[in-house]
Amino acid sequence: MKKLIATCSLALLAMSVMAQTTASDVLSTVRKANDYFMQKYEDPTVPTNVKRIRPSSLWTRAVYYEGLMALQEIDPQQRYIDYALRWAEFHQWTPRNGVNTCDADDQCCGQTYVELLPYTKKDYKELLKNVTDNLDHQMQTPNTKTQTTTPKAKTQQSSLYGWWTWIDAIQMAMPLYMQVYQLTGDTKYRDHGMQMYRWSRNECGGGLFNEKDGLWWRDADYVPPYKEPDGKDCYWSRGNGWVYAALVRCMNLLPRKSSQYKELKKDFLLMSEGIKNCQREDGFWNPSLVSTHYAMKETSGTALFLYGICWGMRQGYLKEKVYRPIADKAWAAMAKDAVHPDGFLGWMQGTGKDPSAGQPLSYDKVPDFEDYGTGCFLLGAAEYYKLLSK
């Protein structure tokens with residue numbers, strides 16, 4: 001009986017904390033996290049140095065700027081824009097590794113370049129020529145590389161659309177195709193982006209999206225019969241978060257009545273159900289969504305799920321009576337257990353491709369890259385702020 005009373009008391013306390021959270025509270029927390037990052041990485045042009053030197057236009061930093069632009073929407077500050085513009089101008093508004101790259105990771109920076117365009121008062125044809133030229137190049141270039149190391153995966157070779165062989169790539173590049181479509185009015189970008197998405201969804205490794213569970217395998221190497229040590233499928237939290245965020249970012253750029261919007265919305269709803277079923281009692285999601293292997297708090301996936309869930313409720317697609325408690329628990333968990341007093345974010349999984357990467361996680365452990373995790377947090381926090389402000 002005492003244990004039951006204690007459990008109920010903790011539940012009521014958690015509900016009380018969540019009920020008292022205001023938009024102002026969220027903004028204060030997200031500013032703290034962002035200020036920590038901007039102070040630590042004061043010069044946005046300095047390359048990263050994790051095992052080797054990489055330019056600051058790499059995907060990890062590009063995701064941070066996606067989050068920064070989301071923060072700018074709810075907390076407009078010239079210093080955010082100045083910081084992002086300095087970064088974009090230093091990299092000459094060009095994809096990492098140049099115009100001829102077909103790697104989604106290299107193209108991710110283009111998303112922020114497009115979002116910065118209104119602050120430059122320049123024409124996109126002048127400023128974003130390298131971005132559009134890069135997509136034009138990819139649309140004419142088939143992928144002839146080996147698609148998977150798993151022999152059983154019947155993945156078509158030399159596919160014109162077969163570049164996104166890992167689900168992270170959908171977030172890194174698909175929204176850029178939709179941005180350029182909206183910018184130019186040319187449907188070829190929209191249509192090619194959708195074809196690449198369908199290839200990853202339905203063909204890569206026999207199809208990376210499991211409609212039954214509403215979740216994605218990270219790449220062809222994780223499609224069954226691959227199993228986690230407990231016999232469960234391997235659905236990587238952050239990988240699914242990447243796709244979930246990409247669906248939101250793409251739908252924001254498409255007409256609601258278009259067939260493409262409806263197609264992505266269908267997958268968004270399937271994912272929302274699958275994600276809902278995997279949340280931990282404490283509000284986080286595990287690195288491995290349905291497996292007990294590596295069962296622990298993880299911030300980046302949690303933040304991306306918060307981003308999509310809050311957006312879905314604001315659009316009227318997700319029922320608030322079902323999903324609002326999920327969002328409230330996710331925010332309360334991160335604010336309490338991940339955000340340090342100085343703004344550092346704990347329980348953040350480092351780079352990798354599956355739940356085992358960067359283990360073990362902890363409150364104090366610094367991941368190999370801090371930037372993308374901060375970007376994910378800013379995205380989720382900004383959308384939660386909008387939900388509380390409506």
# chains A, B, ... in the order shown; residues from 1 in each chain; ligands from 1
>>> residues_around(residues="Phe37 of chain A", least_positions_apart="4", cutoff="12 Å", atoms="only C-alpha atoms", output="ChimeraX atom specification")
/A:30-33,41-44,61,64-65,67-68,80,83,342-345,369-375,377-378
>>> closest_residue(among="A:Tyr119, A:Tyr189, A:Trp59, A:Trp93", to="Val131 of chain A", atoms="only C-alpha atoms")
A:Trp93
>>> atom_distance(atom1="atom CA of Ser362 of chain A", atom2="atom CA of Asp337 of chain A")
10.0 Å
>>> closest_atom_pairs(of="segment 310-387 of chain A", to="segment 234-241 of chain A", cutoff="10 Å", atoms="only C-alpha atoms", output="tab-separated table")
residue	atom	partner	partner_atom	distance
A:Gln349	CA	A:Arg238	CA	8.7
A:Thr351	CA	A:Arg238	CA	10.0
A:Gly352	CA	A:Gly239	CA	9.9
A:Lys353	CA	A:Gly239	CA	7.7
A:Asp354	CA	A:Trp236	CA	5.5
A:Pro355	CA	A:Trp236	CA	5.7
A:Ser356	CA	A:Trp236	CA	9.3
A:Gly373	CA	A:Arg238	CA	9.9
A:Cys376	CA	A:Gly241	CA	9.1
>>> write_last_selection(atoms="all heavy atoms", output="short mmCIF file (atom, residue, chain, number, x, y, z; two decimals), in the first residue's frame")
data_model
loop_
_atom_site.label_atom_id
_atom_site.label_comp_id
_atom_site.auth_asym_id
_atom_site.auth_seq_id
_atom_site.Cartn_x
_atom_site.Cartn_y
_atom_site.Cartn_z
N GLN A 349 22.68 10.91 -27.30
CA GLN A 349 23.44 9.86 -27.99
C GLN A 349 24.34 10.47 -29.05
O GLN A 349 23.93 11.34 -29.82
CB GLN A 349 22.49 8.85 -28.64
CG GLN A 349 23.21 7.64 -29.20
CD GLN A 349 22.25 6.63 -29.82
OE1 GLN A 349 21.12 6.95 -30.12
NE2 GLN A 349 22.73 5.41 -30.02
N THR A 351 27.03 10.34 -32.43
CA THR A 351 26.80 9.93 -33.80
C THR A 351 26.92 8.43 -33.94
O THR A 351 27.62 7.77 -33.18
CB THR A 351 27.79 10.62 -34.76
OG1 THR A 351 29.12 10.35 -34.32
CG2 THR A 351 27.55 12.12 -34.80
N GLY A 352 26.26 7.89 -34.94
CA GLY A 352 26.27 6.46 -35.17
C GLY A 352 25.10 6.09 -36.04
O GLY A 352 24.53 6.93 -36.72
N LYS A 353 24.72 4.81 -36.00
CA LYS A 353 23.62 4.41 -36.86
C LYS A 353 22.64 3.45 -36.17
O LYS A 353 21.73 2.95 -36.83
CB LYS A 353 24.15 3.76 -38.14
CG LYS A 353 24.88 2.43 -37.94
CD LYS A 353 25.25 1.84 -39.29
CE LYS A 353 25.80 0.43 -39.14
NZ LYS A 353 26.04 -0.21 -40.46
N ASP A 354 22.82 3.22 -34.89
CA ASP A 354 21.90 2.31 -34.23
C ASP A 354 21.93 2.56 -32.72
O ASP A 354 22.70 3.40 -32.25
CB ASP A 354 22.22 0.85 -34.56
CG ASP A 354 23.59 0.40 -34.11
OD1 ASP A 354 24.14 1.00 -33.15
OD2 ASP A 354 24.14 -0.55 -34.70
N PRO A 355 21.11 1.86 -31.95
CA PRO A 355 21.03 2.11 -30.51
C PRO A 355 22.34 1.91 -29.76
O PRO A 355 22.51 2.45 -28.67
CB PRO A 355 19.96 1.12 -30.04
CG PRO A 355 19.10 0.89 -31.24
CD PRO A 355 20.05 0.91 -32.40
N SER A 356 23.26 1.15 -30.31
CA SER A 356 24.49 0.85 -29.59
C SER A 356 25.50 2.00 -29.65
O SER A 356 26.46 2.03 -28.87
CB SER A 356 25.15 -0.40 -30.17
OG SER A 356 25.66 -0.14 -31.48
N GLY A 373 22.42 17.57 -31.64
CA GLY A 373 21.53 17.34 -30.50
C GLY A 373 20.88 18.62 -30.03
O GLY A 373 19.68 18.65 -29.70
N CYS A 376 18.15 19.44 -32.54
CA CYS A 376 16.94 18.65 -32.30
C CYS A 376 16.14 19.22 -31.12
O CYS A 376 14.91 19.34 -31.18
CB CYS A 376 17.30 17.19 -32.00
SG CYS A 376 18.04 16.29 -33.37
#
>>> select_by_dssp(residues="segment 144-339 of chain A", states="strand (DSSP E or B)", output="MDAnalysis selection string")
chainID A and resid 159 166 209:210 215:216 219 236 288 339
>>> write_last_selection(atoms="N, CA, C and O atoms", output="compact mmCIF listing (two decimals), in the first residue's frame")
# COMPACT_ATOMS: atom_id res chain seq x y z
N SER A 159 19.99 2.86 -59.31
CA SER A 159 18.71 3.55 -59.33
C SER A 159 18.92 5.06 -59.35
O SER A 159 19.70 5.60 -58.58
N TRP A 166 19.90 5.24 -46.18
CA TRP A 166 19.76 5.25 -44.72
C TRP A 166 18.73 6.32 -44.38
O TRP A 166 18.67 7.37 -45.00
N PHE A 209 10.22 1.07 -44.35
CA PHE A 209 9.12 1.46 -43.46
C PHE A 209 8.21 0.27 -43.20
O PHE A 209 7.70 -0.36 -44.13
N ASN A 210 8.01 -0.05 -41.92
CA ASN A 210 7.11 -1.11 -41.54
C ASN A 210 5.77 -0.47 -41.16
O ASN A 210 5.62 0.07 -40.06
N LEU A 215 6.97 2.26 -37.88
CA LEU A 215 8.36 2.59 -37.58
C LEU A 215 9.28 2.17 -38.72
O LEU A 215 8.92 1.31 -39.54
N TRP A 216 10.47 2.76 -38.75
CA TRP A 216 11.43 2.54 -39.82
C TRP A 216 12.66 1.80 -39.34
O TRP A 216 13.18 2.09 -38.26
N ASP A 219 18.45 1.13 -42.01
CA ASP A 219 18.90 0.85 -43.38
C ASP A 219 18.71 -0.63 -43.63
O ASP A 219 18.20 -1.36 -42.78
N TRP A 236 15.68 2.30 -34.44
CA TRP A 236 16.52 3.30 -33.78
C TRP A 236 15.73 4.57 -33.55
O TRP A 236 15.11 5.11 -34.48
N SER A 288 16.58 2.36 -28.49
CA SER A 288 15.96 1.30 -29.27
C SER A 288 14.49 1.25 -28.89
O SER A 288 14.14 0.93 -27.75
N VAL A 339 18.53 18.96 -19.30
CA VAL A 339 19.08 20.31 -19.39
C VAL A 339 19.84 20.66 -18.11
O VAL A 339 19.26 20.72 -17.03
>>> closest_residue(among="A:Met178, A:Ile167, A:Ile81, A:Leu117", to="Leu254 of chain A", atoms="only C-alpha atoms")
A:Met178
>>> select_by_dssp(residues="segment 18-221 of chain A", states="alpha helix (DSSP H)", output="ChimeraX atom specification")
/A:18-20,23-40,59-74,78-90,104-107,109-116,124-127,129-138,168-184,187-198
>>> residues_around(residues="Met174 of chain A", least_positions_apart="5", cutoff="9 Å", atoms="only C-alpha atoms", output="NGL selection string")
:A and (104 or 108 or 169 or 179 or 190 or 193-194 or 196-197 or 246-247 or 249-250)
>>> closest_residue(among="A:Cys102, A:Val180, A:Leu306, A:Ala333", to="Pro142 of chain A", atoms="only C-alpha atoms")
A:Cys102
